[in-house]
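Okay, structure first, notes after.
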Amino acid sequence: MKNPLDTVKGTLTAGIVITIVIVAIIRIFA
Amino acid sequence: MEVYLDLTRVGHIFSGILWIGILYFYNFIQAIALPRMDASARPHYQTTILPLSLQVFRWASLATLLFGLAFIVGMGIDVGNDYFQSARFYNILIGGSMGIVMAFNVWFIIWPKQQNIIAAVKDTMENGAAAPAEQPKWARTALLASRTNTMLSIPMLFFMVAARNLPSLWS
């Protein structure tokens, strides 16, 4: 079974990546 | 109007902290600690702490949503059409859309699945009924929706805070 702590880290990393991608899109196109 | 905006803002922030605080508890503490809990103790947790926390969790999510919408309407009336073309509103629009998806997940995925699980655990405790075959599936679906919400909470919070603190984002 996957370590639950790794899942938490993955979830937070995904959230940070989404934030950075949206901010980058706004900075480039807006 | 100022008092109305202050009250809706404070209501939104307070219920938002309550909601996301419980979401983080579920994901950062319960998801890790519950599997480690003694199997005989788990049903007690699932029939006492879990239903109460879910109750506060889902009403806090609805309150956050309603206070937020009430605030936007108030700003629209107070500031006028300019508000809807401001960087502040664009940020709120991005964060708010994520918040709406999250509240939907709470009310229409997490809550119904957890309700099924709690009922099944109660049935096992009180009547010795066997756990239904679908129970792991309910738990998995609820967990995935909860995890999605945790992931969305990061950009959601960023854009909520950016509305007042990062106006340069759109310039």
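Chain identifiers are assigned as A, B, and so on, following the order in which chains appear in the structure tokens; residues are numbered from 1 within each chain, and ligands are numbered from 1 in order of appearance.
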
Taking only C-alpha atoms into account, report as a JSON list (two decimals) with C-alpha atoms, in the first residue's frame which residues of chain A lie within 8 Å of chain B.
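Printed below is iface-v9.json as written:
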```json
[["chain", "number", "residue", "atom", "x", "y", "z"],
["A", 4, "PRO", "CA", -0.40, 8.08, 3.00],
["A", 5, "LEU", "CA", 2.19, 10.81, 3.60],
["A", 8, "VAL", "CA", -0.52, 14.15, 0.97],
["A", 11, "THR", "CA", -1.89, 16.38, -3.41],
["A", 12, "LEU", "CA", -0.15, 19.53, -2.18],
["A", 14, "ALA", "CA", -0.52, 19.15, -7.56],
["A", 15, "GLY", "CA", -2.26, 22.14, -5.92],
["A", 16, "ILE", "CA", 0.89, 24.26, -6.11],
["A", 18, "ILE", "CA", -2.09, 24.21, -10.71],
["A", 19, "THR", "CA", -1.64, 27.60, -8.99],
["A", 23, "VAL", "CA", -0.72, 32.48, -12.57],
["A", 26, "ILE", "CA", -2.62, 35.20, -16.50],
["A", 27, "ARG", "CA", 0.84, 36.85, -16.52],
["A", 30, "ALA", "CA", -3.72, 39.16, -19.43]]
```

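Atom pair CA of Ser15 (chain B) / CA of Val101 (chain B) has a distance of 16.6 Å (rounded to one decimal).
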
Could the residues of region 17-53 of chain B that have an atom at most 9 Å from region 110-126 of chain B be listed as JSON lines, each with its closest atom pair and the distance in Å to one decimal, counting only C-alpha atoms and ordered by chain and ascending residue number?
```
{"residue": "B:Pro43", "atom": "CA", "partner": "B:Val121", "partner_atom": "CA", "distance": 6.2}
{"residue": "B:His44", "atom": "CA", "partner": "B:Met125", "partner_atom": "CA", "distance": 8.8}
{"residue": "B:Gln46", "atom": "CA", "partner": "B:Ile118", "partner_atom": "CA", "distance": 6.3}
{"residue": "B:Thr47", "atom": "CA", "partner": "B:Ile118", "partner_atom": "CA", "distance": 6.2}
{"residue": "B:Leu50", "atom": "CA", "partner": "B:Ile118", "partner_atom": "CA", "distance": 8.2}
{"residue": "B:Pro51", "atom": "CA", "partner": "B:Ile118", "partner_atom": "CA", "distance": 7.4}
```

Can I get the selected residues back with C-alpha atoms, as a compact mmCIF listing (two decimals), in the first residue's frame?
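Listing of selection-v5.txt after writing:
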```
# COMPACT_ATOMS: atom_id res chain seq x y z
CA PRO B 43 -16.39 2.06 14.43
CA HIS B 44 -16.74 4.27 17.55
CA GLN B 46 -16.91 6.59 12.67
CA THR B 47 -20.19 6.85 14.57
CA LEU B 50 -17.07 11.53 12.02
CA PRO B 51 -20.83 12.34 11.77
```

Practice task
Can you work out the spacing between CA of Pro167 (chain B) and CA of Ala87 (chain B) in Å, to one decimal?
Solution key: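 Computed distance, CA of Pro167 (chain B) to CA of Ala87 (chain B), equals 6.1 Å.
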